[in-house]
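my_file22.csv (CSV, C-alpha atoms) appears below.
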```csv
chain,number,residue,atom,x,y,z
A,1,MET,CA,-27.7,184.1,-151.7
A,2,THR,CA,-28.4,183.8,-155.3
A,3,ALA,CA,-26.1,186.4,-156.8
A,4,LEU,CA,-23.3,184.1,-157.6
A,5,SER,CA,-25.2,180.9,-158.3
A,6,GLY,CA,-24.5,179.2,-161.6
A,7,ASP,CA,-27.0,179.3,-164.4
A,8,THR,CA,-29.5,176.6,-164.5
A,9,ARG,CA,-31.8,178.1,-167.1
A,10,PRO,CA,-33.0,176.2,-170.1
A,11,PRO,CA,-30.8,176.1,-173.2
A,12,VAL,CA,-30.5,179.1,-175.5
A,13,GLU,CA,-31.8,181.6,-173.1
A,14,ARG,CA,-29.9,184.8,-173.0
A,15,VAL,CA,-29.8,186.6,-169.7
A,16,THR,CA,-30.0,190.3,-170.4
A,17,ARG,CA,-29.8,191.2,-166.7
A,18,PRO,CA,-27.5,189.2,-164.5
A,19,PRO,CA,-28.8,187.8,-161.2
A,20,ASP,CA,-26.7,190.3,-159.3
A,21,ALA,CA,-27.3,193.5,-161.1
A,22,GLY,CA,-29.2,196.3,-159.6
A,23,LYS,CA,-31.7,194.2,-157.7
A,24,SER,CA,-32.8,197.0,-155.5
A,25,ASP,CA,-32.4,200.5,-156.9
A,26,GLY,CA,-33.1,199.9,-160.5
A,27,THR,CA,-30.5,202.4,-161.5
A,28,ALA,CA,-27.9,199.9,-162.6
A,29,PRO,CA,-27.5,199.3,-166.3
A,30,SER,CA,-27.8,195.8,-167.6
A,31,VAL,CA,-24.4,194.2,-167.3
A,32,GLY,CA,-25.3,190.9,-168.9
A,33,ILE,CA,-23.2,187.8,-168.9
A,34,PRO,CA,-24.4,185.9,-171.9
A,35,LYS,CA,-25.3,182.6,-170.5
A,36,VAL,CA,-26.4,180.4,-173.2
A,37,GLY,CA,-27.3,176.8,-172.6
A,38,THR,CA,-25.4,174.6,-170.3
A,39,SER,CA,-25.3,175.2,-166.5
A,40,ASP,CA,-22.2,175.8,-164.6
A,41,GLY,CA,-22.6,172.5,-162.8
A,42,GLU,CA,-22.8,170.6,-166.1
A,43,LEU,CA,-19.8,172.3,-167.5
A,44,VAL,CA,-17.8,171.6,-164.3
A,45,ARG,CA,-18.7,168.0,-164.5
A,46,ARG,CA,-17.7,167.8,-168.1
A,47,VAL,CA,-14.3,169.3,-167.3
A,48,LEU,CA,-13.8,166.9,-164.5
A,49,ALA,CA,-14.6,164.1,-166.9
A,50,GLY,CA,-11.8,165.2,-169.2
A,51,ASP,CA,-13.5,167.6,-171.6
A,52,THR,CA,-11.1,170.5,-171.3
A,53,GLY,CA,-13.0,172.5,-173.9
A,54,ALA,CA,-15.9,172.9,-171.5
A,55,TYR,CA,-13.7,174.9,-169.2
A,56,ALA,CA,-13.2,177.5,-172.0
A,57,ALA,CA,-17.0,178.0,-171.9
A,58,LEU,CA,-16.8,178.8,-168.2
A,59,VAL,CA,-13.9,181.2,-168.8
A,60,ALA,CA,-15.9,183.0,-171.5
A,61,ARG,CA,-18.9,183.1,-169.3
A,62,TYR,CA,-17.2,184.8,-166.3
A,63,ARG,CA,-14.4,186.7,-168.0
A,64,ASP,CA,-16.0,190.1,-168.3
A,65,ARG,CA,-17.9,190.1,-165.0
A,66,LEU,CA,-15.0,189.0,-162.9
A,67,GLY,CA,-12.8,191.2,-165.0
A,68,ARG,CA,-14.8,194.2,-164.0
A,69,TYR,CA,-14.2,193.5,-160.4
A,70,ALA,CA,-10.5,193.0,-161.0
A,71,VAL,CA,-10.1,196.2,-163.0
A,72,HIS,CA,-11.8,198.3,-160.4
A,73,MET,CA,-10.0,196.6,-157.5
A,74,LEU,CA,-6.6,196.9,-159.0
A,75,GLY,CA,-6.9,200.0,-161.0
A,76,ASP,CA,-4.8,198.6,-163.8
A,77,ARG,CA,-6.1,196.6,-166.7
A,78,GLN,CA,-2.9,194.6,-167.1
A,79,ASP,CA,-2.7,193.7,-163.5
A,80,ALA,CA,-6.4,192.8,-163.6
A,81,GLU,CA,-6.0,190.5,-166.6
A,82,GLU,CA,-3.0,188.9,-164.9
A,83,ALA,CA,-5.0,188.3,-161.7
A,84,LEU,CA,-8.0,187.0,-163.7
A,85,GLN,CA,-5.9,184.6,-165.8
A,86,ASP,CA,-4.2,183.4,-162.6
A,87,ALA,CA,-7.6,182.9,-160.9
A,88,PHE,CA,-9.0,180.9,-163.9
A,89,VAL,CA,-5.9,178.6,-164.0
A,90,ARG,CA,-5.9,178.0,-160.3
A,91,ALA,CA,-9.6,177.3,-160.3
A,92,HIS,CA,-9.1,174.7,-163.1
A,93,ARG,CA,-6.2,173.1,-161.1
A,94,SER,CA,-8.4,172.8,-158.0
A,95,LEU,CA,-11.7,172.2,-159.7
A,96,ALA,CA,-12.2,168.9,-158.0
A,97,ARG,CA,-12.4,170.8,-154.7
A,98,CYS,CA,-15.3,172.9,-155.9
A,99,ASP,CA,-17.9,171.5,-153.5
A,100,ASP,CA,-21.0,172.8,-155.3
A,101,PRO,CA,-20.4,172.9,-159.1
A,102,GLU,CA,-23.7,174.8,-159.6
A,103,ARG,CA,-22.1,177.6,-157.6
A,104,PHE,CA,-18.9,177.6,-159.5
A,105,GLY,CA,-19.1,181.4,-160.0
A,106,ALA,CA,-19.1,182.1,-156.3
A,107,TRP,CA,-16.2,179.7,-155.8
A,108,LEU,CA,-14.3,181.3,-158.6
A,109,TYR,CA,-15.1,184.8,-157.2
A,110,GLY,CA,-13.4,183.8,-153.9
A,111,ILE,CA,-10.3,182.8,-155.8
A,112,LEU,CA,-10.2,186.0,-157.7
A,113,VAL,CA,-10.7,188.1,-154.6
A,114,ASN,CA,-7.6,186.4,-153.1
A,115,ARG,CA,-5.6,186.9,-156.3
A,116,CYS,CA,-6.5,190.6,-156.4
A,117,ARG,CA,-5.3,190.9,-152.8
A,118,THR,CA,-1.9,189.3,-153.8
A,119,THR,CA,-1.6,191.3,-157.0
A,120,GLY,CA,-2.7,194.5,-155.3
A,121,GLY,CA,-0.2,194.0,-152.6
A,122,ARG,CA,2.5,193.6,-155.2
A,123,ALA,CA,1.3,196.7,-157.1
A,124,ALA,CA,1.2,198.7,-153.9
A,125,ARG,CA,4.8,197.8,-153.1
A,126,ARG,CA,5.7,198.6,-156.7
A,127,ALA,CA,4.0,201.9,-157.2
A,128,ARG,CA,2.8,202.8,-153.7
A,129,LEU,CA,-0.6,203.3,-155.2
A,130,PHE,CA,-2.7,202.7,-152.2
A,131,VAL,CA,-3.1,204.9,-149.2
A,132,ARG,CA,-3.8,202.9,-146.1
A,133,ASP,CA,-4.9,205.3,-143.4
A,134,ASP,CA,-7.0,208.3,-142.9
A,135,ALA,CA,-4.1,210.6,-141.9
A,136,ALA,CA,-2.2,209.8,-145.0
A,137,LEU,CA,-5.4,210.1,-147.0
A,138,SER,CA,-5.9,213.7,-146.0
A,139,GLY,CA,-2.4,214.5,-147.3
A,140,VAL,CA,-2.8,212.9,-150.7
A,141,PRO,CA,-1.9,215.3,-153.4
A,142,LEU,CA,-4.8,215.8,-155.8
A,143,PRO,CA,-4.3,215.3,-159.5
A,144,SER,CA,-4.4,218.3,-161.8
A,145,PRO,CA,-7.7,219.4,-163.3
A,146,ALA,CA,-6.5,218.1,-166.6
A,147,GLU,CA,-5.9,214.7,-165.2
A,148,ARG,CA,-9.4,214.8,-163.6
A,149,ALA,CA,-11.1,216.0,-166.7
A,150,GLU,CA,-12.8,212.7,-167.3
A,151,TRP,CA,-15.2,211.3,-164.7
A,152,ASP,CA,-13.8,207.8,-165.4
A,153,ASP,CA,-10.3,208.9,-164.4
A,154,THR,CA,-11.7,210.6,-161.3
A,155,VAL,CA,-13.6,207.6,-160.2
A,156,ARG,CA,-10.6,205.3,-160.8
A,157,TRP,CA,-8.3,207.7,-159.0
A,158,ALA,CA,-10.7,208.0,-156.1
A,159,LEU,CA,-11.0,204.3,-155.7
A,160,GLY,CA,-7.3,204.1,-155.7
A,161,GLN,CA,-7.2,206.3,-152.7
A,162,LEU,CA,-9.2,203.9,-150.6
A,163,ALA,CA,-7.5,201.3,-148.5
A,164,PRO,CA,-7.7,198.0,-150.3
A,165,GLU,CA,-10.0,196.4,-147.7
A,166,TYR,CA,-12.4,199.4,-148.0
A,167,ARG,CA,-12.3,199.3,-151.8
A,168,GLU,CA,-12.8,195.5,-151.8
A,169,ALA,CA,-15.9,195.8,-149.5
A,170,PHE,CA,-17.3,198.8,-151.5
A,171,LEU,CA,-17.0,197.0,-154.8
A,172,LEU,CA,-18.4,193.7,-153.6
A,173,LYS,CA,-21.4,195.4,-151.9
A,174,HIS,CA,-22.3,198.2,-154.2
A,175,VAL,CA,-21.0,197.2,-157.6
A,176,GLU,CA,-21.2,193.4,-157.5
A,177,ASP,CA,-24.3,193.7,-155.4
A,178,LEU,CA,-23.4,190.8,-153.0
A,179,GLU,CA,-25.1,190.2,-149.7
A,180,TYR,CA,-23.0,190.6,-146.6
A,181,GLU,CA,-23.1,186.9,-145.9
A,182,GLU,CA,-21.6,186.2,-149.3
A,183,MET,CA,-19.0,188.9,-148.8
A,184,ALA,CA,-18.1,187.3,-145.5
A,185,GLN,CA,-17.6,183.9,-147.2
A,186,LEU,CA,-15.5,185.4,-150.0
A,187,THR,CA,-13.3,187.7,-147.8
A,188,GLY,CA,-13.1,185.8,-144.5
A,189,ALA,CA,-14.1,189.0,-142.7
A,190,GLY,CA,-16.9,189.3,-140.3
A,191,ILE,CA,-20.2,190.9,-141.3
A,192,SER,CA,-20.0,193.8,-138.9
A,193,ALA,CA,-16.4,194.5,-140.0
A,194,LEU,CA,-17.6,194.5,-143.6
A,195,LYS,CA,-20.5,196.8,-142.9
A,196,MET,CA,-18.0,199.2,-141.2
A,197,ARG,CA,-15.7,199.0,-144.2
A,198,VAL,CA,-18.5,199.8,-146.7
A,199,LYS,CA,-19.6,202.7,-144.6
A,200,ARG,CA,-16.1,204.1,-144.3
A,201,ALA,CA,-15.5,203.6,-148.0
A,202,ARG,CA,-18.7,205.6,-148.8
A,203,GLU,CA,-17.6,208.4,-146.5
A,204,GLN,CA,-14.1,208.5,-147.8
A,205,LEU,CA,-15.2,208.5,-151.4
A,206,GLN,CA,-17.4,211.5,-150.7
A,207,ILE,CA,-14.6,213.3,-148.9
A,208,ILE,CA,-12.2,212.6,-151.7
A,209,PHE,CA,-14.7,213.9,-154.3
A,210,ARG,CA,-15.4,217.0,-152.3
A,211,GLU,CA,-11.7,217.7,-152.0
A,212,ALA,CA,-11.3,217.2,-155.7
A,213,GLU,CA,-14.2,219.7,-156.4
A,214,ARG,CA,-12.4,222.4,-154.4
A,215,VAL,CA,-9.2,222.2,-156.5
B,1,MET,CA,-19.4,217.2,-139.5
B,2,PHE,CA,-19.7,214.7,-142.3
B,3,GLU,CA,-22.5,215.4,-144.7
B,4,ASP,CA,-23.8,212.3,-146.4
B,5,ARG,CA,-24.4,212.6,-150.2
B,6,PRO,CA,-25.9,209.3,-151.3
B,7,ASP,CA,-26.5,210.8,-154.8
B,8,LEU,CA,-22.8,211.1,-155.3
B,9,VAL,CA,-22.2,207.5,-154.2
B,10,ASP,CA,-25.0,206.3,-156.5
B,11,ARG,CA,-23.4,208.1,-159.4
B,12,ILE,CA,-20.1,206.5,-158.7
B,13,VAL,CA,-21.8,203.1,-158.4
B,14,THR,CA,-23.7,203.5,-161.6
B,15,HIS,CA,-20.4,204.4,-163.3
B,16,LEU,CA,-18.6,201.4,-161.9
B,17,ARG,CA,-21.4,199.0,-162.9
B,18,ARG,CA,-20.8,199.6,-166.6
B,19,PRO,CA,-19.6,196.6,-168.4
B,20,VAL,CA,-15.8,196.2,-168.6
B,21,GLN,CA,-14.6,194.5,-171.8
B,22,ILE,CA,-11.7,192.2,-171.0
B,23,ASP,CA,-9.5,191.1,-173.9
B,24,PRO,CA,-11.2,188.0,-175.4
B,25,ALA,CA,-7.7,186.6,-176.1
B,26,LEU,CA,-7.5,186.0,-172.4
B,27,ASP,CA,-9.6,182.8,-173.0
B,28,GLY,CA,-6.9,181.4,-175.2
B,29,ARG,CA,-4.2,182.3,-172.8
B,30,VAL,CA,-6.0,180.6,-170.0
B,31,MET,CA,-6.6,177.5,-172.0
B,32,GLN,CA,-3.0,177.5,-173.2
B,33,GLU,CA,-1.6,177.7,-169.7
B,34,ILE,CA,-4.0,175.0,-168.6
B,35,ALA,CA,-2.8,172.8,-171.4
B,36,GLN,CA,0.8,173.4,-170.5
B,37,VAL,CA,0.1,172.6,-166.8
B,38,ASP,CA,-1.6,169.4,-167.9
B,39,THR,CA,1.3,168.4,-170.1
B,40,GLY,CA,3.8,169.0,-167.3
B,41,ARG,CA,1.7,167.5,-164.5
B,42,ARG,CA,3.3,164.6,-162.8
B,43,PRO,CA,1.7,161.3,-163.6
B,44,GLY,CA,-0.4,159.5,-161.0
B,45,ALA,CA,0.7,156.3,-159.3
B,46,ALA,CA,-1.2,154.1,-161.7
B,47,VAL,CA,0.3,155.8,-164.7
B,48,ALA,CA,3.8,155.6,-163.2
B,49,ALA,CA,3.3,151.9,-162.5
B,50,TRP,CA,2.1,151.2,-166.0
B,51,ARG,CA,5.1,153.1,-167.5
B,52,TRP,CA,7.4,151.1,-165.2
B,53,LEU,CA,5.9,147.9,-166.4
B,54,ILE,CA,6.2,148.7,-170.1
B,55,ARG,CA,9.7,150.1,-169.9
B,56,PRO,CA,12.0,148.1,-172.2
B,57,ARG,CA,14.6,146.0,-170.3
B,58,GLN,CA,17.4,143.6,-171.3
B,59,PHE,CA,17.6,140.2,-169.7
B,60,VAL,CA,20.5,137.7,-170.0
B,61,VAL,CA,19.0,134.2,-170.0
B,62,SER,CA,20.9,130.9,-170.2
B,63,PRO,CA,19.7,128.2,-172.6
B,64,LEU,CA,18.3,126.2,-169.7
B,65,GLY,CA,16.6,129.3,-168.3
B,66,ALA,CA,15.1,130.1,-171.7
B,67,LEU,CA,13.8,126.5,-171.9
B,68,THR,CA,12.3,126.7,-168.4
B,69,ALA,CA,10.6,130.1,-169.3
B,70,ALA,CA,9.2,128.7,-172.5
B,71,ALA,CA,7.9,125.7,-170.7
B,72,GLY,CA,6.3,127.9,-168.1
B,73,LEU,CA,4.7,130.1,-170.7
B,74,ALA,CA,3.4,127.1,-172.6
B,75,ALA,CA,1.9,125.9,-169.3
B,76,VAL,CA,0.2,129.2,-168.7
B,77,VAL,CA,-1.2,129.3,-172.2
B,78,TRP,CA,-2.5,125.8,-171.8
B,79,ALA,CA,-4.0,126.6,-168.5
B,80,LEU,CA,-5.8,129.6,-169.8
B,81,SER,CA,-7.0,128.0,-173.1
B,82,GLY,CA,-10.8,127.8,-173.2
B,83,ARG,CA,-11.2,130.3,-170.4
B,84,GLY,CA,-11.3,133.4,-172.6
B,85,VAL,CA,-8.5,135.8,-173.3
B,86,PRO,CA,-7.4,138.0,-170.5
B,87,ALA,CA,-7.4,141.7,-170.8
B,88,VAL,CA,-4.3,143.1,-172.3
B,89,PRO,CA,-3.1,146.7,-172.5
B,90,PRO,CA,-3.5,148.4,-175.8
B,91,ALA,CA,-0.8,147.8,-178.3
B,92,GLU,CA,1.8,150.5,-178.8
B,93,ASP,CA,0.5,151.1,-182.3
B,94,ALA,CA,-3.2,151.2,-181.3
B,95,PRO,CA,-4.9,154.5,-182.3
B,96,ARG,CA,-5.4,156.8,-179.4
B,97,GLU,CA,-8.2,159.4,-178.9
B,98,PHE,CA,-7.2,163.0,-179.1
B,99,GLN,CA,-9.4,166.0,-178.5
B,100,PHE,CA,-8.5,169.2,-180.3
B,101,VAL,CA,-9.8,172.5,-178.8
B,102,VAL,CA,-9.7,176.0,-180.2
B,103,VAL,CA,-11.3,179.2,-178.9
B,104,ALA,CA,-12.8,181.1,-181.9
B,105,PRO,CA,-15.6,183.4,-180.5
B,106,ARG,CA,-16.6,184.9,-183.8
B,107,ALA,CA,-16.3,181.9,-186.1
B,108,ALA,CA,-19.3,180.5,-187.9
B,109,ARG,CA,-17.5,177.3,-188.7
B,110,VAL,CA,-14.2,175.7,-187.9
B,111,ALA,CA,-12.5,172.7,-189.5
B,112,LEU,CA,-9.6,170.7,-188.2
B,113,VAL,CA,-7.1,170.0,-191.0
B,114,GLY,CA,-3.8,168.1,-191.0
B,115,ASP,CA,-1.7,165.2,-192.1
B,116,PHE,CA,-4.3,162.9,-190.7
B,117,ASN,CA,-7.0,164.0,-193.1
B,118,ASP,CA,-4.9,165.1,-196.1
B,119,TRP,CA,-5.6,168.7,-195.1
B,120,ASP,CA,-9.2,168.3,-196.4
B,121,ALA,CA,-11.3,170.9,-194.8
B,122,THR,CA,-14.5,168.9,-195.3
B,123,ARG,CA,-13.5,165.8,-193.5
B,124,THR,CA,-13.2,167.0,-189.9
B,125,PRO,CA,-15.6,169.8,-189.0
B,126,MET,CA,-15.2,171.0,-185.4
B,127,ARG,CA,-18.2,171.4,-183.2
B,128,PRO,CA,-19.0,174.2,-180.8
B,129,SER,CA,-19.1,173.0,-177.2
B,130,GLN,CA,-22.4,174.8,-177.0
B,131,ARG,CA,-24.5,176.6,-179.6
B,132,GLY,CA,-23.0,179.9,-180.4
B,133,GLY,CA,-20.2,179.2,-177.9
B,134,PRO,CA,-16.6,180.2,-178.5
B,135,VAL,CA,-15.0,176.8,-178.0
B,136,TRP,CA,-14.8,174.4,-180.8
B,137,THR,CA,-13.7,170.8,-180.4
B,138,ALA,CA,-13.0,167.7,-182.5
B,139,VAL,CA,-12.0,164.2,-181.4
B,140,LEU,CA,-9.9,162.0,-183.6
B,141,HIS,CA,-8.3,158.6,-183.2
B,142,LEU,CA,-4.7,158.8,-184.2
B,143,SER,CA,-2.2,156.1,-184.6
B,144,PRO,CA,1.3,156.8,-183.3
B,145,GLY,CA,3.2,159.3,-185.3
B,146,ARG,CA,3.9,162.9,-185.8
B,147,TYR,CA,1.1,165.0,-187.4
B,148,ARG,CA,1.0,168.6,-188.5
B,149,TYR,CA,-2.3,170.3,-188.2
B,150,ALA,CA,-4.1,173.6,-188.1
B,151,PHE,CA,-7.6,175.1,-187.7
B,152,LEU,CA,-9.4,176.6,-190.6
B,153,VAL,CA,-11.8,179.3,-189.5
B,154,ASP,CA,-14.7,180.2,-191.8
B,155,GLY,CA,-13.0,178.5,-194.7
B,156,SER,CA,-10.3,181.2,-195.0
B,157,ARG,CA,-8.4,181.9,-191.9
B,158,TRP,CA,-5.7,179.6,-190.7
B,159,LEU,CA,-4.9,179.2,-187.0
B,160,ALA,CA,-2.1,177.3,-185.4
B,161,ASP,CA,-3.0,175.7,-182.0
B,162,PRO,CA,-1.9,178.1,-179.3
B,163,ALA,CA,-1.6,175.1,-176.9
B,164,ALA,CA,0.8,173.1,-179.1
B,165,PRO,CA,4.2,173.4,-180.5
B,166,HIS,CA,4.3,175.2,-183.9
B,167,ALA,CA,5.5,173.3,-186.9
B,168,ARG,CA,8.9,174.5,-188.1
B,169,ASP,CA,8.9,172.6,-191.3
B,170,ASP,CA,5.7,173.9,-192.8
B,171,GLU,CA,6.1,174.2,-196.5
B,172,PHE,CA,2.8,175.8,-197.2
B,173,GLY,CA,3.5,179.1,-195.4
B,174,ALA,CA,0.3,178.9,-193.2
B,175,PRO,CA,0.8,178.5,-189.5
B,176,SER,CA,0.5,174.9,-188.2
B,177,SER,CA,1.1,172.9,-185.1
B,178,VAL,CA,2.5,169.5,-184.3
B,179,VAL,CA,1.1,166.7,-182.3
B,180,THR,CA,3.2,163.6,-181.6
B,181,VAL,CA,1.3,160.4,-180.8
B,182,GLY,CA,2.8,157.4,-179.1
B,183,GLY,CA,6.3,156.5,-178.2
B,184,SER,CA,8.1,158.3,-181.1
```
What is this structure when it is put down as structure tokens?
Amino acid sequence: MTALSGDTRPPVERVTRPPDAGKSDGTAPSVGIPKVGTSDGELVRRVLAGDTGAYAALVARYRDRLGRYAVHMLGDRQDAEEALQDAFVRAHRSLARCDDPERFGAWLYGILVNRCRTTGGRAARRARLFVRDDAALSGVPLPSPAERAEWDDTVRWALGQLAPEYREAFLLKHVEDLEYEEMAQLTGAGISALKMRVKRAREQLQIIFREAERV
Amino acid sequence: MFEDRPDLVDRIVTHLRRPVQIDPALDGRVMQEIAQVDTGRRPGAAVAAWRWLIRPRQFVVSPLGALTAAAGLAAVVWALSGRGVPAVPPAEDAPREFQFVVVAPRAARVALVGDFNDWDATRTPMRPSQRGGPVWTAVLHLSPGRYRYAFLVDGSRWLADPAAPHARDDEFGAPSSVVTVGGS
């Protein structure tokens, strides 16, 4: 349960590999959050004591990492930044309710997960982006080869085909590298349900890519 | 029959784990929204009570009433003499502490300049909240009044405060902001 813990390292130490990145397979590139100096707990305490500037340091610290999750989850950078900004503002407003300031990152993550659900729901209603069941999934029209020319586009498109709860579980488990216990805390879902969602997400992604290869 | 291809999933995961660069200006937008929320936040009970106490009021007092009040006040002063001075709230014109904050991730130095320091860039250097950090702060004690100010980044770039109203009457052409201190 260390993946989302705040940084307690000594000052001026730059983390080149985040505590959550690629702990098992060694294939993940370093996705470093520059954590220089003050721990999350100390910054949270300073904010609560009235030093608003300390909060900006927390925002800068978590911006890119949480942004990555939001971008992949929502499939739209503008929606992602909106959800991220909303999460940061809400977290500041409720900072006194952060029980363990050293684990500010985990607490903030939970807020972002919820904001992404809300924003994703709005986006789905707006653009009908997400497909929610297997039957519908099999009938999804594939994008043209030109549209799929870039791997990046293909991955983003494939993620968008997953049901939100599958996409959420897949990203938290495989990309953010969380333990199931942490995922359960963040999402409110049971561990067995989360394992099932991750498994289904993996299967559906493979089906989607195989279908795409045939076209 | 479903054929598992973990290599494909690994490839997708590797791709998704690449860093995603979020607009650094988001920091400023967050801090601006927080500042606006703080400004618009309803005061707590203690603050509301204090404001109620210091609100100006008019009283109509008869000469006899005024004499009685004066006598009562004199009695209180006499009773308290020699026992030390009770704590009194800060005077309306007492300087108040203000913290200025700006997010400037790539700045090597930032100065706070304004009416309060004659726009002298050497008088109020701002300090990063952590070494190499993007947030610069400065704390000043300001007497009641209206002040125009700006941030001077690396000695050449002027920034208005995104969290404060912009000055409309700036005669120098550079962006500046306004802070109003006290009851004006």
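For the residues A:Ala158, A:Leu58, A:Gly67, A:Thr118, ranking by smallest atom-to-atom distance to A:Ala91 using all atoms listed in the file places A:Leu58 first.
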task = Find the distance between atom CA of A:Trp157 and atom CA of B:Arg11 and write it in Å to one decimal.
result =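 Going from atom CA of A:Trp157 over to atom CA of B:Arg11 covers 15.1 Å.
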ask   = Residues at most 8 Å from B:His141, counting all atoms listed in the file, excluding those fewer than 2 positions away in the same chain, as a list in words?
value =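 With the cut-off at 8 Å, the set is Pro95, Arg96, Glu97, Phe98, Val139 and Ser143 of chain B.
In terms of minimum interatomic distance to chain A, B:Ser129 ranks closest within B:Ser129, B:Ala75, B:Asp7, B:Phe151, counting all atoms listed in the file.
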key: Among listed residues B:Val30, B:Ala121, B:Val181, B:Leu159, nearest B:Ala104 (using all atoms listed in the file)   =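 Closest to B:Ala104 of all the choices is B:Leu159.
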inquiry  = Taking all atoms listed in the file into account, name the residue in B:Thr137, B:Gln36, B:Asn117, B:Thr124 that is nearest to chain A.
reply    =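 Closest residue, counting all atoms listed in the file: B:Thr137.
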query = Counting only C-alpha atoms, what is within 10 Å of A:Leu84, bar same-chain residues fewer than 5 positions away, as a ChimeraX atom specification?
reply = /A:59,62-64,66-71,78-79,89-90,108-109,111-113,115-116 /B:22,26,30
key: Minimum-distance residue to B:Ile12, chosen among A:Asp152, A:Glu181, A:Glu81, A:Glu42 (using all atoms listed in the file)   =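 So, comparing all the options, the nearest one is A:Asp152.
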inquiry  = I'd like the contact shell of A:Leu205 - 12 Å cut-off, only C-alpha atoms, skipping same-chain residues fewer than 3 positions apart - returned as JSON, numbers by chain.
reply    = {"A": [134, 137, 138, 154, 155, 156, 157, 158, 159, 160, 161, 162, 163, 166, 167, 170, 197, 198, 199, 200, 201, 202, 208, 209, 210, 211, 212], "B": [2, 4, 5, 6, 8, 9, 10, 11, 12, 13]}
task = Would you list the contacts of A:Leu48 as a VMD selection string, taking every protein, DNA or RNA residue within 12 Å and counting all atoms listed in the file, but skipping same-chain residues closer than 2 positions in sequence?
result = chain A and resid 41 to 46 50 to 55 91 to 98 101
Go ahead and save the picked residues with C-alpha atoms, as an mmCIF file, in the coordinates of the input.
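Wrote it out as selection-v5.cif, contents follow:
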```cif
data_model
loop_
_atom_site.group_PDB
_atom_site.id
_atom_site.type_symbol
_atom_site.label_atom_id
_atom_site.label_comp_id
_atom_site.auth_asym_id
_atom_site.auth_seq_id
_atom_site.Cartn_x
_atom_site.Cartn_y
_atom_site.Cartn_z
ATOM 1 C CA GLY A 41 -22.600 172.500 -162.800
ATOM 2 C CA GLU A 42 -22.800 170.600 -166.100
ATOM 3 C CA LEU A 43 -19.800 172.300 -167.500
ATOM 4 C CA VAL A 44 -17.800 171.600 -164.300
ATOM 5 C CA ARG A 45 -18.700 168.000 -164.500
ATOM 6 C CA ARG A 46 -17.700 167.800 -168.100
ATOM 7 C CA GLY A 50 -11.800 165.200 -169.200
ATOM 8 C CA ASP A 51 -13.500 167.600 -171.600
ATOM 9 C CA THR A 52 -11.100 170.500 -171.300
ATOM 10 C CA GLY A 53 -13.000 172.500 -173.900
ATOM 11 C CA ALA A 54 -15.900 172.900 -171.500
ATOM 12 C CA TYR A 55 -13.700 174.900 -169.200
ATOM 13 C CA ALA A 91 -9.600 177.300 -160.300
ATOM 14 C CA HIS A 92 -9.100 174.700 -163.100
ATOM 15 C CA ARG A 93 -6.200 173.100 -161.100
ATOM 16 C CA SER A 94 -8.400 172.800 -158.000
ATOM 17 C CA LEU A 95 -11.700 172.200 -159.700
ATOM 18 C CA ALA A 96 -12.200 168.900 -158.000
ATOM 19 C CA ARG A 97 -12.400 170.800 -154.700
ATOM 20 C CA CYS A 98 -15.300 172.900 -155.900
ATOM 21 C CA PRO A 101 -20.400 172.900 -159.100
#
```
key: Distance in Å - atom CA of A:Thr187 versus atom CA of A:Asp40   =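 Going from atom CA of A:Thr187 over to atom CA of A:Asp40, I get 22.4 Å.
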Could you give me, as an mmCIF file with C-alpha atoms, in the frame of the given file, the residues within 9 Å of B:Tyr147, counting all atoms listed in the file and dropping anything in the same chain fewer than 4 positions from it?
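Result file part.cif:
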```cif
data_model
loop_
_atom_site.group_PDB
_atom_site.id
_atom_site.type_symbol
_atom_site.label_atom_id
_atom_site.label_comp_id
_atom_site.auth_asym_id
_atom_site.auth_seq_id
_atom_site.Cartn_x
_atom_site.Cartn_y
_atom_site.Cartn_z
ATOM 1 C CA GLY B 114 -3.800 168.100 -191.000
ATOM 2 C CA ASP B 115 -1.700 165.200 -192.100
ATOM 3 C CA PHE B 116 -4.300 162.900 -190.700
ATOM 4 C CA SER B 177 1.100 172.900 -185.100
ATOM 5 C CA VAL B 178 2.500 169.500 -184.300
ATOM 6 C CA VAL B 179 1.100 166.700 -182.300
ATOM 7 C CA THR B 180 3.200 163.600 -181.600
ATOM 8 C CA VAL B 181 1.300 160.400 -180.800
#
```
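The nearest approach to B:Asp23 among the residues A:Leu74, A:Ala80, A:Ala106, A:Met196, with all atoms listed in the file taken into account, belongs to A:Ala80.
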remark   = note - atom CA of B:Met126 and atom CA of A:Ala49 are separated by 19.8 Å
Please produce stretch 163-167 of chain B, completed to N, CA and C atoms, as a PDB file, keeping the file's coordinate frame.
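Generated file (result.pdb):
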```pdb
ATOM      1  N   ALA B 163      -1.997 175.995-178.027  1.00  0.00           N
ATOM      2  CA  ALA B 163      -1.600 175.100-176.900  1.00  0.00           C
ATOM      3  C   ALA B 163      -0.642 174.037-177.349  1.00  0.00           C
ATOM      4  N   ALA B 164      -0.122 174.117-178.564  1.00  0.00           N
ATOM      5  CA  ALA B 164       0.800 173.100-179.100  1.00  0.00           C
ATOM      6  C   ALA B 164       1.980 173.683-179.708  1.00  0.00           C
ATOM      7  N   PRO B 165       3.054 172.900-179.838  1.00  0.00           N
ATOM      8  CA  PRO B 165       4.200 173.400-180.500  1.00  0.00           C
ATOM      9  C   PRO B 165       3.931 173.762-181.977  1.00  0.00           C
ATOM     10  N   HIS B 166       4.509 174.828-182.455  1.00  0.00           N
ATOM     11  CA  HIS B 166       4.300 175.200-183.900  1.00  0.00           C
ATOM     12  C   HIS B 166       5.235 174.377-184.749  1.00  0.00           C
ATOM     13  N   ALA B 167       4.736 174.058-185.917  1.00  0.00           N
ATOM     14  CA  ALA B 167       5.500 173.300-186.900  1.00  0.00           C
ATOM     15  C   ALA B 167       6.579 174.206-187.492  1.00  0.00           C
TER      16      ALA B 167
END
```
